[in-house]
There are 2 protein chains.
Amino acid sequence: MVPHLVSKWPAWLCRWRAACTPGASLQQRTWLGVSRRPAWGSPWGVVGTSPLVRRGSSSTSSRAPEVVLTHERYPVQRLPFSVVSEEDRAAFERMIPGRVIVDPEELEASNVDWLRSVRGCGKVLLRPRTSEEVSHILRHCHERNLAVSTQGGNTGLVGGSVPVFDEIILSTALMNQVISFHDMSGTLVCQAGCVLEELSRHVEERGFIMPLDLGAKGSCHIGGNLATNAGGLRFLRYGSLRGTVLGLEAVLADGTVLNCLMSLRKDNTGYDLKQLFIGSEGTLGVITAVSILCPPKPRAVNVAFLGCPGFAEVLQTFRACRGMLGEILSAFEFMDAACMQLVGSHLRLASPVQESPFYVLVETSGSKAEHDAEKLSSFLEQLLGSGLVTDGTLATDQRKIKALWALRERIAEALSRDGYVYKYDISLPVERLYDLVPDLRARLGPRAKHVVGYGHLGDGNLHLNVTAEAFSAALLGELEPYVYAWTAGQQGSVSAEHGVGFKKRDVLGYSKPPEALRLMQQLKTLLDPKGILNPYKTLPTRA
Amino acid sequence: MVPHLVSKWPAWLCRWRAACTPGASLQQRTWLGVSRRPAWGSPWGVVGTSPLVRRGSSSTSSRAPEVVLTHERYPVQRLPFSVVSEEDRAAFERMIPGRVIVDPEELEASNVDWLRSVRGCGKVLLRPRTSEEVSHILRHCHERNLAVSTQGGNTGLVGGSVPVFDEIILSTALMNQVISFHDMSGTLVCQAGCVLEELSRHVEERGFIMPLDLGAKGSCHIGGNLATNAGGLRFLRYGSLRGTVLGLEAVLADGTVLNCLMSLRKDNTGYDLKQLFIGSEGTLGVITAVSILCPPKPRAVNVAFLGCPGFAEVLQTFRACRGMLGEILSAFEFMDAACMQLVGSHLRLASPVQESPFYVLVETSGSKAEHDAEKLSSFLEQLLGSGLVTDGTLATDQRKIKALWALRERIAEALSRDGYVYKYDISLPVERLYDLVPDLRARLGPRAKHVVGYGHLGDGNLHLNVTAEAFSAALLGELEPYVYAWTAGQQGSVSAEHGVGFKKRDVLGYSKPPEALRLMQQLKTLLDPKGILNPYKTLPTRA
């Protein structure tokens with residue numbers, strides 16, 4: 001059962017409740033004040049002012065308890081790569097003077113993932129500034145048979161961005177220059193290490209937005225977004241990176257620079273090689289620069305946050321939403337009551353609406369505020385009348401919108417404070433999206449602290465999370481392969497947007513037939529014959 | 001100079017002229033009548049009632065003069081594939097009884113492309129119904145070293161869909177079943193041989209539309225659309241097939257069936273293998289089934305057709321359009337005065353607006369007619385006042401919209417009646433999109449009958465066409481490599497959406513660096529080691 005939350009929600013959010021104001025018109029509702037702002041928590045007890053906590057921050061991880069080494073927790077054997085020698089370090093130092101990090105303290109944050117669930121023991125961190133430097137580094141590593149793990153903002157959720165053993169960590173952090181922005185077409189060209197939030201600011205000043213947005217935007221790198229084919233919060237409206245990325249530059253395992261950095265919307269000159277690198281998690285090449293199409297910045301953005309009495313009502317709300325909001329619908333997210341409880345107890349965020357079994361966040365983005373408001377009003381009026389939602393609140397200004405989004409975006413952070421998190425990120429037919437959550441609650445009983453479900457309903461993407469006091473092989477055994485088999489039974493995907501990384505590589509068979517896995521392996525062998533790029537990731541363990 | 005056209009445009013199109021009605025409000029304009037419909041011409045003199053002539057029709061090609069054999073016109077040598085024997089034919093007959101075509105008359109239409117510019121001498125046409133049949137056929141061809149050219153609707157424009165020599169023609173025409181449609185998500189799953197227009201009808205009856213639309217929709221197959229990564233008329237709004245295709249099934253050169261037919265919006269389980277087959281023109285595998293995401297059918301569609309005094313005004317109109325129409329803008333097409341002259345003289349279509357140096361077609365698609373009309377009205381009012389357009393007409397009903405679209409969609413057909421057509425389909429930075437057209441007119445002088453420019457301005461895609469009485473190697477020498485070098489100088493693409501096929505394979509180097517061409521060749525060797533799939537296409541001739 002979900003305990004009652006003391007409502008700490010600031011009064012400045014426009015709010016209505018179906019039961020209280022059955023006949024009231026939305027236009028009559030007004031903002032009640034704009035003075036107060038909630039005190040946001042940040043992880044591991046630090047109270048800050050930023051509504052979104054940066055993932056991958058090293059200052060926080062050093063205070064947390066030690067993370068078990070990956071090769072101690074999981075059955076994985078080091079492959080026969082060379083070990084970095086003094087001569088190798090000297091060679092790197094000549095290539096990128098002053099940017100070869102070997103201090104163990106400094107390396108700590110790059111060896112542990114954001115979830116603090118895997119830990120490598122990389123001894124060298126390299127920080128190149130240019131593609132040419134990456135090329136020199138990889139040529140050397142290829143010749144010397146040294147394994148390399150490329151790292152962007154280290155915000156990944158499947159253990160893909162940290163070494164498993166002693167792989168060299170190749171950081172894109174200093175490759176952070178915007179190369180160009182074309183304000184007729186909205187095409188941004190930049191280096192791979194640019195932070196998503198900084199790019200957002202850059203293009204917003206010019207009247208555009210980035211086609212992707214995600215909770216980790218304050219830390220994640222655009223190169224990492226491509227390497228993991230990040231989905232995120234704008235996917236429903238602007239689609240996949242496979243459509244919005246116009247070009248990229250990648251350095252291959254042997255140091256070859258492959259320049260596919262086109263800035264054209266259409267280019268059918270042969271095979272679309274950039275697609276090989278999008279979503280391949282650094283196993284086929286290192287992405288060093290990106291060309292991406294930015295949509296015009298919407299003139300009006302509105303967010304409604306609604307309480308729904310059941311999942312069937314969430315689905316009906318989605319259907320109504322698509323019909324009535326049409327082209328201005330830009331997000332349709334959902335979370336269950338257990339999620340709201342966790343953001344309340346761990347982050348001190350209170351629900352802006354009455355306690356409900358489910359909550360829905362609907363965002364609209366359009367070019368004319370009056371039209372959007374009118375569409376949204378009709379939609380909300382209909383919902384109130386229909387009983388599909390029991391309570392709701394509407395925000396139209398930036399700060400209030402951010403506050404509502406934080407409820408959804410900070411669930412991952414709240415979960416990480418709840419204990420050890422077993423994370424599943426699956427795609428399912430939308431009408432079956434929530435079935436697995438109550439099923440697992442019944443299956444696990446008190447062995448789980450919490451079993452929660454939330455995600456991008458509009459994309460058929462469920463984030464299913466189970467928390468427990470600590471990692472337990474027995475609980476893992478209850479969860480896996482059960483969750484994957486269940487997903488496969490619905491023709492779902494065992495990784496919707498988080499990718500494969502280290503943690504999911506041996507469950508690909510639930511979503512891909514043997515012929516596809518064989519072809520993946522052949523592509524890996526073609527592009528990286530020595531297997532030095534991000535080993536132990538993405539591809540199933542060889543038999 | 002563009003001669004005057006006698007205006008034959010039906011009175012039922014709402015029309016205004018900036019010079020005549022400077023102060024009139026758009027809301028005051030009314031339809032003047034709806035009784036008459038223009039008599040559409042179809043190619044080679046047949047008058048029909050369909051507004052869009054089917055490409056790839058065999059009945060028309062047989063009446064036209066003989067097309068020169070490809071290997072007689074172009075310097076190309078047959079590769080050492082086997083020749084189809086009596087035993088091979090018998091084997092095929094056992095696999096697909098009654099669907100092995102060897103009659104030369106029946107084969108004629110499949111050996112010649114729609115433009116009547118290339119001609120192969122395939123002796124066998126196979127019409128499988130299932131992926132399993134395709135698998136059996138390819139396994140046999142692989143073992144026997146027989147070359148295969150896969151053919152959909154044969155509407156391609158680069159000689160990619162017909163044999164160059166005696167390749168077996170593998171037709172997808174009988175693989176034309178819809179497998180499923182999911183009306184919550186809008187996901188369509190179908191066989192590769194479904195005709196695009198029939199799929200459009202299928203999903204429109206269910207409240208959705210196909211994410212792509214093109215002039216050849218009455219004949220082209222969805223599998224062919226994927227194989228060529230077709231762009232078309234809805235690209236501006238719904239983006240690339242690389243984003244909207246959710247899955248596909250392909251049969252590899254050795255007969256292996258690769259099932260990547262997922263129906264999920266998000267799936268990050270390893271490398272996205274389907275992307276290898278999208279745009280690879282049948283050279284890496286035969287696409288046999290498709291899963292594609294269909295957007296909801298817009299409730300209101302409007303088309304404005306405008307005359308602009310210069311290309312600078314076309315660009316400014318585009319900029320204004322993006323700002324004021326925002327999310328409802330679904331197409332922004334342009335054509336020059338020479339295009340209008342050709343559709344007038346060859347197809348008897350008259351301009352609906354005053355003669356202008358340029359014409360623009362703006363389409364909006366939205367969920368609420370009043371809102372869209374209001375946005376469009378403000379936009380058009382502003383244009384009229386600004387002098388960016390000199391004349392315009394607006395259509396809101398299906399038939400009138402089709403009539404306006406026909407002016408743009410039938411340019412290719414009008415060109416094909418004008419003589420031999422040298423076709424270029426290039427991507428350029430939008431502000432340089434038209435520069436090459438006047439440049440070429442000056443360069444070619446009277447050696448060209450017409451030099452015209454039109455295309456998808458919103459996507460930076462120019463269709464540059466030159467007509468002459470007949471093919472001439474000398475004129476070709478004036479055009480190539482000049483056009484390609486000019487395009488490369490602007491960092492453009494020498495093939496925006498038509499692909500490479502047979503005709504463009506040796507100009508890829510203008511848009512792709514040697515490292516990319518080498519990787520393309522490596523992928524080809526990996527997936528089709530004997531090179532039996534659509535040989536002489538897509539990849540540059542080996543040195």
# chains A, B, ... in the order shown; residues from 1 in each chain; ligands from 1
>>> residues_around(residues="Trp405 in chain B", least_positions_apart="6", cutoff="10 Å", atoms="only C-alpha atoms", output="PyMOL selection string")
chain B and resi 51-52+215+233+303-305+333+361-363+399
>>> select_by_dssp(residues="range 248-380 of chain B", states="helix (DSSP H, G or I)", output="short mmCIF file (atom, residue, chain, number, x, y, z; two decimals) with N, CA and C atoms, in the first residue's frame")
data_model
loop_
_atom_site.label_atom_id
_atom_site.label_comp_id
_atom_site.auth_asym_id
_atom_site.auth_seq_id
_atom_site.Cartn_x
_atom_site.Cartn_y
_atom_site.Cartn_z
N LYS B 274 18.69 -3.72 -39.23
CA LYS B 274 17.78 -3.34 -40.33
C LYS B 274 18.33 -2.16 -41.14
N GLN B 275 19.12 -1.30 -40.47
CA GLN B 275 19.64 -0.13 -41.19
C GLN B 275 20.56 -0.53 -42.34
N LEU B 276 21.19 -1.70 -42.23
CA LEU B 276 22.06 -2.16 -43.31
C LEU B 276 21.29 -2.30 -44.61
N PHE B 277 20.03 -2.71 -44.50
CA PHE B 277 19.25 -3.03 -45.70
C PHE B 277 18.48 -1.83 -46.24
N PHE B 311 14.17 33.56 -56.26
CA PHE B 311 14.50 32.48 -55.34
C PHE B 311 14.75 33.01 -53.93
N ALA B 312 15.26 34.23 -53.83
CA ALA B 312 15.46 34.82 -52.50
C ALA B 312 14.12 34.90 -51.77
N GLU B 313 13.06 35.23 -52.51
CA GLU B 313 11.72 35.31 -51.91
C GLU B 313 11.21 33.92 -51.54
N VAL B 314 11.58 32.92 -52.33
CA VAL B 314 11.20 31.54 -51.97
C VAL B 314 11.80 31.18 -50.61
N LEU B 315 13.07 31.52 -50.45
CA LEU B 315 13.75 31.22 -49.18
C LEU B 315 13.12 31.97 -48.01
N GLN B 316 12.80 33.25 -48.25
CA GLN B 316 12.20 34.03 -47.16
C GLN B 316 10.80 33.50 -46.82
N THR B 317 10.10 33.04 -47.86
CA THR B 317 8.79 32.44 -47.62
C THR B 317 8.93 31.19 -46.75
N PHE B 318 9.97 30.41 -47.04
CA PHE B 318 10.21 29.19 -46.25
C PHE B 318 10.48 29.53 -44.78
N ARG B 319 11.29 30.54 -44.59
CA ARG B 319 11.62 30.93 -43.22
C ARG B 319 10.36 31.40 -42.46
N ALA B 320 9.57 32.21 -43.15
CA ALA B 320 8.33 32.71 -42.54
C ALA B 320 7.39 31.54 -42.22
N CYS B 321 7.36 30.63 -43.13
CA CYS B 321 6.50 29.46 -43.04
C CYS B 321 6.84 28.61 -41.81
N ARG B 322 8.12 28.35 -41.62
CA ARG B 322 8.53 27.55 -40.47
C ARG B 322 8.17 28.24 -39.17
N GLY B 323 8.34 29.56 -39.16
CA GLY B 323 8.04 30.30 -37.95
C GLY B 323 6.55 30.34 -37.65
N MET B 324 5.74 30.59 -38.67
CA MET B 324 4.32 30.83 -38.43
C MET B 324 3.46 29.56 -38.48
N LEU B 325 3.89 28.57 -39.24
CA LEU B 325 3.07 27.36 -39.34
C LEU B 325 3.57 26.27 -38.40
N GLY B 326 4.83 26.37 -38.03
CA GLY B 326 5.38 25.47 -37.01
C GLY B 326 5.05 24.01 -37.25
N GLU B 327 4.43 23.41 -36.25
CA GLU B 327 4.21 21.97 -36.25
C GLU B 327 3.19 21.49 -37.27
N ILE B 328 2.43 22.40 -37.88
CA ILE B 328 1.45 21.92 -38.87
C ILE B 328 2.02 21.92 -40.30
N ALA B 337 9.79 28.30 -63.22
CA ALA B 337 8.85 28.60 -64.30
C ALA B 337 8.96 27.57 -65.44
N ALA B 338 10.16 27.07 -65.68
CA ALA B 338 10.34 26.10 -66.76
C ALA B 338 9.58 24.81 -66.47
N CYS B 339 9.50 24.43 -65.20
CA CYS B 339 8.72 23.23 -64.82
C CYS B 339 7.25 23.46 -65.15
N MET B 340 6.77 24.63 -64.78
CA MET B 340 5.35 24.93 -65.03
C MET B 340 5.07 24.91 -66.53
N GLN B 341 6.00 25.42 -67.29
CA GLN B 341 5.82 25.41 -68.75
C GLN B 341 5.71 23.97 -69.27
N LEU B 342 6.55 23.08 -68.72
CA LEU B 342 6.55 21.68 -69.19
C LEU B 342 5.28 20.93 -68.78
N VAL B 343 4.81 21.11 -67.57
CA VAL B 343 3.56 20.41 -67.20
C VAL B 343 2.39 20.99 -68.00
N GLY B 344 2.53 22.27 -68.38
CA GLY B 344 1.49 22.88 -69.23
C GLY B 344 1.52 22.32 -70.64
N SER B 345 2.70 22.30 -71.24
CA SER B 345 2.74 21.91 -72.65
C SER B 345 2.60 20.41 -72.85
N HIS B 346 3.14 19.59 -71.95
CA HIS B 346 3.09 18.14 -72.17
C HIS B 346 1.90 17.45 -71.52
N LEU B 347 1.39 18.02 -70.44
CA LEU B 347 0.31 17.34 -69.70
C LEU B 347 -0.98 18.15 -69.68
N ALA B 369 -9.09 21.93 -37.66
CA ALA B 369 -9.20 22.71 -38.89
C ALA B 369 -9.19 24.22 -38.62
N GLU B 370 -9.95 24.67 -37.62
CA GLU B 370 -10.03 26.12 -37.36
C GLU B 370 -8.65 26.69 -37.01
N HIS B 371 -7.94 25.96 -36.17
CA HIS B 371 -6.61 26.45 -35.78
C HIS B 371 -5.68 26.52 -36.98
N ASP B 372 -5.73 25.48 -37.80
CA ASP B 372 -4.83 25.44 -38.96
C ASP B 372 -5.18 26.56 -39.93
N ALA B 373 -6.48 26.76 -40.15
CA ALA B 373 -6.91 27.81 -41.07
C ALA B 373 -6.47 29.18 -40.56
N GLU B 374 -6.55 29.34 -39.26
CA GLU B 374 -6.15 30.64 -38.69
C GLU B 374 -4.64 30.86 -38.86
N LYS B 375 -3.87 29.82 -38.59
CA LYS B 375 -2.42 29.95 -38.76
C LYS B 375 -2.08 30.25 -40.22
N LEU B 376 -2.71 29.52 -41.10
CA LEU B 376 -2.44 29.67 -42.53
C LEU B 376 -2.86 31.06 -43.00
N SER B 377 -3.99 31.53 -42.52
CA SER B 377 -4.47 32.85 -42.90
C SER B 377 -3.48 33.94 -42.49
N SER B 378 -3.04 33.87 -41.23
CA SER B 378 -2.07 34.88 -40.77
C SER B 378 -0.83 34.83 -41.64
N PHE B 379 -0.39 33.63 -41.93
CA PHE B 379 0.81 33.45 -42.74
C PHE B 379 0.62 34.06 -44.13
N LEU B 380 -0.50 33.75 -44.75
CA LEU B 380 -0.72 34.24 -46.12
C LEU B 380 -0.94 35.76 -46.13
#
>>> select_by_dssp(residues="range 353-532 of chain A", states="strand (DSSP E)", output="PyMOL selection string")
chain A and resi 358-366+391-395+420-427+450-456+461-468
>>> residues_around(residues="Phe81 in chain A", least_positions_apart="3", cutoff="7 Å", atoms="only C-alpha atoms", output="ChimeraX atom specification")
/A:145-147
>>> residues_around(residues="Pro513 in chain B", least_positions_apart="2", cutoff="12 Å", atoms="only C-alpha atoms", output="compact mmCIF listing (two decimals) with all heavy atoms, in the first residue's frame")
# COMPACT_ATOMS: atom_id res chain seq x y z
N GLU A 249 31.40 11.56 -37.21
CA GLU A 249 32.77 11.16 -37.48
C GLU A 249 33.13 10.12 -36.44
O GLU A 249 32.79 10.29 -35.27
CB GLU A 249 33.68 12.38 -37.35
CG GLU A 249 35.14 12.09 -37.61
CD GLU A 249 36.00 13.32 -37.27
OE1 GLU A 249 36.07 13.68 -36.07
OE2 GLU A 249 36.59 13.90 -38.18
N THR A 256 41.84 4.59 -38.14
CA THR A 256 41.30 5.25 -39.33
C THR A 256 40.21 6.23 -38.93
O THR A 256 39.30 5.88 -38.16
CB THR A 256 40.66 4.20 -40.27
OG1 THR A 256 41.66 3.26 -40.65
CG2 THR A 256 40.07 4.85 -41.51
N VAL A 257 40.29 7.45 -39.45
CA VAL A 257 39.22 8.42 -39.20
C VAL A 257 38.19 8.29 -40.32
O VAL A 257 38.50 8.44 -41.49
CB VAL A 257 39.77 9.87 -39.16
CG1 VAL A 257 38.63 10.87 -38.94
CG2 VAL A 257 40.81 10.01 -38.06
N LEU A 258 36.96 7.97 -39.92
CA LEU A 258 35.88 7.81 -40.91
C LEU A 258 35.00 9.05 -40.83
O LEU A 258 34.28 9.27 -39.86
CB LEU A 258 35.07 6.56 -40.56
CG LEU A 258 33.96 6.20 -41.54
CD1 LEU A 258 34.54 5.68 -42.85
CD2 LEU A 258 33.03 5.14 -40.93
N ASN A 259 35.08 9.86 -41.86
CA ASN A 259 34.34 11.13 -41.86
C ASN A 259 33.00 10.98 -42.58
O ASN A 259 32.93 10.98 -43.80
CB ASN A 259 35.19 12.21 -42.53
CG ASN A 259 34.50 13.55 -42.51
OD1 ASN A 259 33.31 13.66 -42.19
ND2 ASN A 259 35.23 14.59 -42.85
N CYS A 260 31.96 10.83 -41.80
CA CYS A 260 30.59 10.81 -42.36
C CYS A 260 29.82 11.99 -41.76
O CYS A 260 28.65 11.88 -41.43
CB CYS A 260 29.88 9.50 -42.01
SG CYS A 260 30.69 8.02 -42.60
N LEU A 261 30.51 13.11 -41.64
CA LEU A 261 29.93 14.25 -40.93
C LEU A 261 29.13 15.15 -41.86
O LEU A 261 29.35 16.35 -41.91
CB LEU A 261 31.07 15.02 -40.24
CG LEU A 261 30.72 15.90 -39.04
CD1 LEU A 261 30.02 15.11 -37.95
CD2 LEU A 261 32.00 16.54 -38.49
N MET A 262 28.20 14.56 -42.60
CA MET A 262 27.36 15.34 -43.50
C MET A 262 26.37 16.17 -42.68
O MET A 262 25.99 15.80 -41.57
CB MET A 262 26.56 14.41 -44.41
CG MET A 262 27.38 13.58 -45.36
SD MET A 262 28.28 14.54 -46.56
CE MET A 262 27.16 14.47 -47.97
N THR A 269 23.85 8.38 -50.76
CA THR A 269 25.03 7.94 -51.50
C THR A 269 25.60 6.68 -50.86
O THR A 269 26.60 6.70 -50.16
CB THR A 269 26.11 9.05 -51.51
OG1 THR A 269 26.34 9.48 -50.17
CG2 THR A 269 25.67 10.23 -52.33
N GLY A 270 24.90 5.59 -51.09
CA GLY A 270 25.40 4.30 -50.61
C GLY A 270 24.98 3.98 -49.19
O GLY A 270 24.06 4.62 -48.65
N LEU A 273 26.62 4.51 -43.32
CA LEU A 273 27.60 3.96 -42.38
C LEU A 273 27.44 4.50 -40.96
O LEU A 273 27.76 3.81 -40.00
CB LEU A 273 29.02 4.23 -42.90
CG LEU A 273 29.30 3.64 -44.29
CD1 LEU A 273 30.68 4.09 -44.76
CD2 LEU A 273 29.22 2.12 -44.27
N ALA B 488 29.88 18.80 -54.79
CA ALA B 488 30.88 18.47 -53.77
C ALA B 488 31.48 19.76 -53.20
O ALA B 488 31.77 19.83 -52.00
CB ALA B 488 31.97 17.60 -54.38
N GLN B 491 29.71 20.93 -50.27
CA GLN B 491 29.51 19.85 -49.27
C GLN B 491 28.12 19.23 -49.41
O GLN B 491 27.45 18.89 -48.44
CB GLN B 491 29.68 20.36 -47.83
CG GLN B 491 31.11 20.42 -47.36
CD GLN B 491 31.83 21.64 -47.90
OE1 GLN B 491 31.36 22.76 -47.76
NE2 GLN B 491 32.97 21.43 -48.53
N VAL B 507 30.20 7.93 -59.03
CA VAL B 507 30.35 9.32 -58.58
C VAL B 507 30.24 9.45 -57.05
O VAL B 507 30.25 10.54 -56.51
CB VAL B 507 29.34 10.28 -59.27
CG1 VAL B 507 29.55 10.24 -60.77
CG2 VAL B 507 27.90 9.96 -58.91
N LEU B 508 30.17 8.31 -56.38
CA LEU B 508 30.05 8.35 -54.91
C LEU B 508 31.21 9.10 -54.26
O LEU B 508 31.04 9.72 -53.22
CB LEU B 508 30.01 6.93 -54.34
CG LEU B 508 28.74 6.12 -54.57
CD1 LEU B 508 28.73 4.92 -53.64
CD2 LEU B 508 27.51 6.98 -54.32
N GLY B 509 32.36 9.02 -54.91
CA GLY B 509 33.55 9.66 -54.36
C GLY B 509 33.39 11.17 -54.18
O GLY B 509 34.14 11.78 -53.41
N TYR B 510 32.41 11.76 -54.87
CA TYR B 510 32.18 13.20 -54.68
C TYR B 510 31.53 13.48 -53.31
O TYR B 510 31.59 14.60 -52.84
CB TYR B 510 31.30 13.77 -55.80
CG TYR B 510 32.04 13.87 -57.11
CD1 TYR B 510 31.93 12.86 -58.06
CD2 TYR B 510 32.87 14.94 -57.38
CE1 TYR B 510 32.62 12.94 -59.27
CE2 TYR B 510 33.57 15.03 -58.57
CZ TYR B 510 33.44 14.02 -59.52
OH TYR B 510 34.13 14.10 -60.68
N SER B 511 30.88 12.48 -52.76
CA SER B 511 30.20 12.71 -51.47
C SER B 511 30.73 11.85 -50.33
O SER B 511 30.36 12.06 -49.19
CB SER B 511 28.69 12.45 -51.62
OG SER B 511 28.09 13.42 -52.43
N GLU B 515 37.77 6.19 -47.21
CA GLU B 515 37.60 5.27 -46.07
C GLU B 515 36.17 4.74 -46.02
O GLU B 515 35.94 3.57 -45.67
CB GLU B 515 37.89 5.97 -44.74
CG GLU B 515 39.30 6.50 -44.56
CD GLU B 515 39.54 7.83 -45.29
OE1 GLU B 515 38.55 8.48 -45.65
OE2 GLU B 515 40.71 8.18 -45.51
N ALA B 516 35.21 5.59 -46.38
CA ALA B 516 33.81 5.16 -46.36
C ALA B 516 33.53 4.19 -47.51
O ALA B 516 32.83 3.18 -47.33
CB ALA B 516 32.90 6.38 -46.45
N LEU B 517 34.09 4.47 -48.67
CA LEU B 517 33.88 3.56 -49.80
C LEU B 517 34.50 2.20 -49.52
O LEU B 517 33.94 1.16 -49.87
CB LEU B 517 34.47 4.18 -51.08
CG LEU B 517 33.81 5.49 -51.52
CD1 LEU B 517 34.52 6.06 -52.76
CD2 LEU B 517 32.32 5.29 -51.83
N ARG B 518 35.64 2.23 -48.84
CA ARG B 518 36.29 0.95 -48.51
C ARG B 518 35.42 0.15 -47.54
O ARG B 518 35.22 -1.04 -47.70
CB ARG B 518 37.67 1.24 -47.91
CG ARG B 518 38.55 0.02 -47.81
CD ARG B 518 40.04 0.37 -47.71
NE ARG B 518 40.33 1.18 -46.55
CZ ARG B 518 40.89 2.39 -46.60
NH1 ARG B 518 41.24 2.92 -47.77
NH2 ARG B 518 41.13 3.06 -45.50
N LEU B 519 34.86 0.83 -46.55
CA LEU B 519 34.01 0.14 -45.58
C LEU B 519 32.74 -0.39 -46.25
O LEU B 519 32.28 -1.50 -45.94
CB LEU B 519 33.68 1.07 -44.41
CG LEU B 519 32.83 0.50 -43.27
CD1 LEU B 519 33.37 -0.82 -42.74
CD2 LEU B 519 32.75 1.51 -42.12
N MET B 520 32.19 0.37 -47.19
CA MET B 520 31.03 -0.12 -47.95
C MET B 520 31.38 -1.44 -48.65
O MET B 520 30.63 -2.40 -48.61
CB MET B 520 30.60 0.90 -49.01
CG MET B 520 29.69 2.00 -48.49
SD MET B 520 29.22 3.18 -49.82
CE MET B 520 28.35 2.11 -50.99
>>> closest_residue(among="B:Arg127, B:Lys530, B:Arg206, B:Arg265", to="chain A", atoms="only C-alpha atoms")
B:Arg265
>>> atom_distance(atom1="CA of Ser280 in chain A", atom2="CA of Thr70 in chain A")
21.1 Å
>>> residues_around(residues="range 241-246 of chain A", least_positions_apart="3", cutoff="6 Å", atoms="only C-alpha atoms", output="MDAnalysis selection string")
(chainID A and resid 263 291:293) or (chainID B and resid 240 242:243)
>>> write_last_selection(atoms="C-alpha atoms", output="compact mmCIF listing (two decimals), in the first residue's frame")
# COMPACT_ATOMS: atom_id res chain seq x y z
CA SER A 263 24.96 18.14 -42.58
CA SER A 291 25.92 16.52 -36.93
CA ILE A 292 22.34 16.68 -35.69
CA LEU A 293 19.11 18.31 -36.84
CA SER B 240 13.39 9.54 -42.74
CA ARG B 242 15.50 5.29 -40.88
CA GLY B 243 13.35 6.58 -38.05
>>> atom_distance(atom1="CA of Ala485 in chain A", atom2="CA of Ala470 in chain A")
24.3 Å
>>> atom_distance(atom1="CA of Arg94 in chain A", atom2="CA of Arg144 in chain A")
16.1 Å
>>> residues_around(residues="Thr283 in chain A", least_positions_apart="4", cutoff="12 Å", atoms="only C-alpha atoms", output="PyMOL selection string")
(chain A and resi 147-151+160-161+227-228+250-253+276-279+287+500-502+520-521+523-539) or (chain B and resi 270-271)
>>> residues_around(residues="Tyr424 in chain B", least_positions_apart="6", cutoff="12 Å", atoms="only C-alpha atoms", output="VMD selection string")
chain B and resid 157 to 158 412 436 to 437 451 to 455 461 to 467 476 479 to 484 487 493 to 500 503 to 504 507
